[in-house]
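Engineer: This is the structure I have questions about; it appears just below.
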Amino acid sequence: MTPAAPITLPAPDLAARLREGWPGLFPTDTLPALAAAPGHAHRLWTLKQRPADKPLILMAATAEALLAATGMEPRPEWLAMAAWAWPGAVTLVLPAKGPVAAALNPGGATLGMRLPACAAAQALLRLSGPLATTSANLSGRPAATTAEQATQQFPDVPLLAPLPWPVAGGQASTVVALREGGGWQVLRAGALLPPGI
């Protein structure tokens, strides 16, 4: 039996669906992302069959949109690290409060965020606004590295058109968190390592 053709939508249509609360799949510079509007982030945990104590990542088209989502006044060290890291394969984990942090990291006081260095992702994010994201795989399975692998695991979730997607790095982003006492800590080594860490 031939698998069904994937559902593909151009950026304006996928962005509209995402804003309405539906999930979507799109490429990034690291791995394909499974995404939803922050107010509907709970759908991602359900789709992935993943425990809700594993936070999601906020992606946006600009550093300003990401830093605003923390609900706090950006500190100089945040701005310096963001200027180095974005756009790129680095997720910054910063102190955060408010509805976005509560939706993506329930019960937590931080928010992970990234500005991907992928033109297709940025074009979608400019239309959709910031999105809750996670890797495109069911919990416990290897992360999808292509649109085909992503749609195999989530056949009912639309993909960003056109296909094929740009070739991604295939390695998860580096995750860097701000320590309470100052300075930065690498929580997950990935494609890039910030200087001085």
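If you're wondering about the labels, chains in the structure tokens are A, B, ... by order shown, residues count from 1 in each chain, ligands from 1 in order shown.
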Using only C-alpha atoms, I'd like a table of the residues in stretch 115-146 of chain A that come within 8 Å of stretch 77-97 of chain A; for each, show the closest atom pair and its distance in Å rounded to one decimal, ordered by chain and ascending number, as CSV.

Structural biologist:
```
residue,atom,partner,partner_atom,distance
A:Leu115,CA,A:Pro87,CA,4.9
A:Pro116,CA,A:Gly88,CA,5.2
A:Ala117,CA,A:Pro87,CA,4.7
```

Engineer: How would the residues just chosen look if you wrote them out with all heavy atoms as a PDB file, in the first residue's frame?

Structural biologist:
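As written to disk, again.pdb reads:
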```
ATOM      1  N   LEU A 115      16.032  31.678  17.543  1.00  0.00           N
ATOM      2  CA  LEU A 115      15.744  32.306  16.258  1.00  0.00           C
ATOM      3  C   LEU A 115      16.494  31.483  15.211  1.00  0.00           C
ATOM      4  O   LEU A 115      17.720  31.558  15.124  1.00  0.00           O
ATOM      5  CB  LEU A 115      16.234  33.761  16.264  1.00  0.00           C
ATOM      6  CG  LEU A 115      15.702  34.698  15.181  1.00  0.00           C
ATOM      7  CD1 LEU A 115      16.071  36.140  15.522  1.00  0.00           C
ATOM      8  CD2 LEU A 115      16.228  34.362  13.805  1.00  0.00           C
ATOM      9  N   PRO A 116      15.790  30.650  14.453  1.00  0.00           N
ATOM     10  CA  PRO A 116      16.475  29.744  13.529  1.00  0.00           C
ATOM     11  C   PRO A 116      17.089  30.475  12.336  1.00  0.00           C
ATOM     12  O   PRO A 116      16.544  31.470  11.861  1.00  0.00           O
ATOM     13  CB  PRO A 116      15.366  28.788  13.070  1.00  0.00           C
ATOM     14  CG  PRO A 116      14.109  29.572  13.226  1.00  0.00           C
ATOM     15  CD  PRO A 116      14.326  30.471  14.411  1.00  0.00           C
ATOM     16  N   ALA A 117      18.215  29.952  11.871  1.00  0.00           N
ATOM     17  CA  ALA A 117      18.892  30.518  10.691  1.00  0.00           C
ATOM     18  C   ALA A 117      18.439  29.765   9.451  1.00  0.00           C
ATOM     19  O   ALA A 117      19.224  29.127   8.766  1.00  0.00           O
ATOM     20  CB  ALA A 117      20.405  30.433  10.858  1.00  0.00           C
TER      21      ALA A 117
END
```

Engineer: DSSP on the backbone, then: every residue of stretch 35-139 of chain A marked strand (DSSP E or B), written as a PDB file with N, CA and C atoms, in the first residue's frame.

Structural biologist:
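Listed below is the output, out38.pdb:
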```
ATOM      1  N   ALA A  35       5.208  22.392  15.629  1.00  0.00           N
ATOM      2  CA  ALA A  35       4.912  23.690  16.221  1.00  0.00           C
ATOM      3  C   ALA A  35       3.430  23.904  16.451  1.00  0.00           C
ATOM      4  N   ALA A  36       3.148  24.827  17.368  1.00  0.00           N
ATOM      5  CA  ALA A  36       1.784  25.292  17.636  1.00  0.00           C
ATOM      6  C   ALA A  36       1.883  26.692  18.217  1.00  0.00           C
ATOM      7  N   ILE A  57      10.213  24.849  23.251  1.00  0.00           N
ATOM      8  CA  ILE A  57      11.057  25.975  22.864  1.00  0.00           C
ATOM      9  C   ILE A  57      10.220  26.988  22.089  1.00  0.00           C
ATOM     10  N   LEU A  58      10.412  28.257  22.392  1.00  0.00           N
ATOM     11  CA  LEU A  58       9.745  29.316  21.633  1.00  0.00           C
ATOM     12  C   LEU A  58      10.655  29.732  20.483  1.00  0.00           C
ATOM     13  N   MET A  59      10.119  29.727  19.262  1.00  0.00           N
ATOM     14  CA  MET A  59      10.837  30.257  18.107  1.00  0.00           C
ATOM     15  C   MET A  59      10.101  31.484  17.600  1.00  0.00           C
ATOM     16  N   VAL A  90      21.484  27.877  18.437  1.00  0.00           N
ATOM     17  CA  VAL A  90      21.640  28.004  19.886  1.00  0.00           C
ATOM     18  C   VAL A  90      20.294  28.361  20.500  1.00  0.00           C
ATOM     19  N   THR A  91      19.888  27.577  21.498  1.00  0.00           N
ATOM     20  CA  THR A  91      18.695  27.861  22.284  1.00  0.00           C
ATOM     21  C   THR A  91      19.134  28.497  23.590  1.00  0.00           C
ATOM     22  N   LEU A  92      18.630  29.685  23.885  1.00  0.00           N
ATOM     23  CA  LEU A  92      18.924  30.350  25.150  1.00  0.00           C
ATOM     24  C   LEU A  92      17.793  30.081  26.134  1.00  0.00           C
ATOM     25  N   VAL A  93      18.152  29.704  27.351  1.00  0.00           N
ATOM     26  CA  VAL A  93      17.175  29.505  28.426  1.00  0.00           C
ATOM     27  C   VAL A  93      17.342  30.674  29.389  1.00  0.00           C
ATOM     28  N   LEU A  94      16.310  31.508  29.458  1.00  0.00           N
ATOM     29  CA  LEU A  94      16.371  32.736  30.244  1.00  0.00           C
ATOM     30  C   LEU A  94      15.262  32.769  31.289  1.00  0.00           C
ATOM     31  N   PRO A  95      15.455  33.520  32.373  1.00  0.00           N
ATOM     32  CA  PRO A  95      14.355  33.707  33.319  1.00  0.00           C
ATOM     33  C   PRO A  95      13.147  34.291  32.597  1.00  0.00           C
ATOM     34  N   THR A 110      11.565  29.678  33.694  1.00  0.00           N
ATOM     35  CA  THR A 110      12.471  29.962  32.578  1.00  0.00           C
ATOM     36  C   THR A 110      11.760  29.679  31.260  1.00  0.00           C
ATOM     37  N   LEU A 111      12.348  30.188  30.184  1.00  0.00           N
ATOM     38  CA  LEU A 111      11.822  29.960  28.848  1.00  0.00           C
ATOM     39  C   LEU A 111      12.993  29.736  27.900  1.00  0.00           C
ATOM     40  N   GLY A 112      12.957  28.620  27.162  1.00  0.00           N
ATOM     41  CA  GLY A 112      13.939  28.362  26.126  1.00  0.00           C
ATOM     42  C   GLY A 112      13.476  28.990  24.826  1.00  0.00           C
ATOM     43  N   MET A 113      14.405  29.633  24.095  1.00  0.00           N
ATOM     44  CA  MET A 113      14.002  30.337  22.884  1.00  0.00           C
ATOM     45  C   MET A 113      15.121  30.312  21.849  1.00  0.00           C
ATOM     46  N   ARG A 114      14.674  30.372  20.572  1.00  0.00           N
ATOM     47  CA  ARG A 114      15.640  30.308  19.479  1.00  0.00           C
ATOM     48  C   ARG A 114      15.117  31.037  18.257  1.00  0.00           C
ATOM     49  N   LEU A 131       6.153  30.843  17.947  1.00  0.00           N
ATOM     50  CA  LEU A 131       5.540  29.519  18.032  1.00  0.00           C
ATOM     51  C   LEU A 131       6.219  28.656  19.090  1.00  0.00           C
ATOM     52  N   ALA A 132       5.415  27.870  19.778  1.00  0.00           N
ATOM     53  CA  ALA A 132       5.944  26.796  20.627  1.00  0.00           C
ATOM     54  C   ALA A 132       6.415  25.685  19.705  1.00  0.00           C
ATOM     55  N   THR A 133       7.624  25.187  19.938  1.00  0.00           N
ATOM     56  CA  THR A 133       8.184  24.172  19.051  1.00  0.00           C
ATOM     57  C   THR A 133       8.860  23.063  19.835  1.00  0.00           C
ATOM     58  N   THR A 134       9.041  21.948  19.130  1.00  0.00           N
ATOM     59  CA  THR A 134       9.760  20.795  19.656  1.00  0.00           C
ATOM     60  C   THR A 134      10.220  19.984  18.453  1.00  0.00           C
ATOM     61  N   SER A 135      11.116  19.051  18.673  1.00  0.00           N
ATOM     62  CA  SER A 135      11.576  18.231  17.551  1.00  0.00           C
ATOM     63  C   SER A 135      10.426  17.365  17.040  1.00  0.00           C
TER      64      SER A 135
END
```

Engineer: How far is it from atom CA of A:Leu160 to atom CA of A:Leu14, in Å with one decimal?

Structural biologist: 6.6 Å

Engineer: Identify which of the residues A:Phe154, A:Trp45, A:Trp165, A:Trp184 lies closest to A:Gly24, counting only C-alpha atoms when measuring atom-to-atom distances.

Structural biologist: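 Ranking A:Phe154, A:Trp45, A:Trp165, A:Trp184 by distance to A:Gly24, first place goes to A:Phe154.
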
Engineer: What's the 10 Å shell around A:Glu20, counting only C-alpha atoms, without same-chain residues fewer than 2 positions away, as a ChimeraX atom specification?

Structural biologist: /A:14-18,22-23,36-37,39-40,128
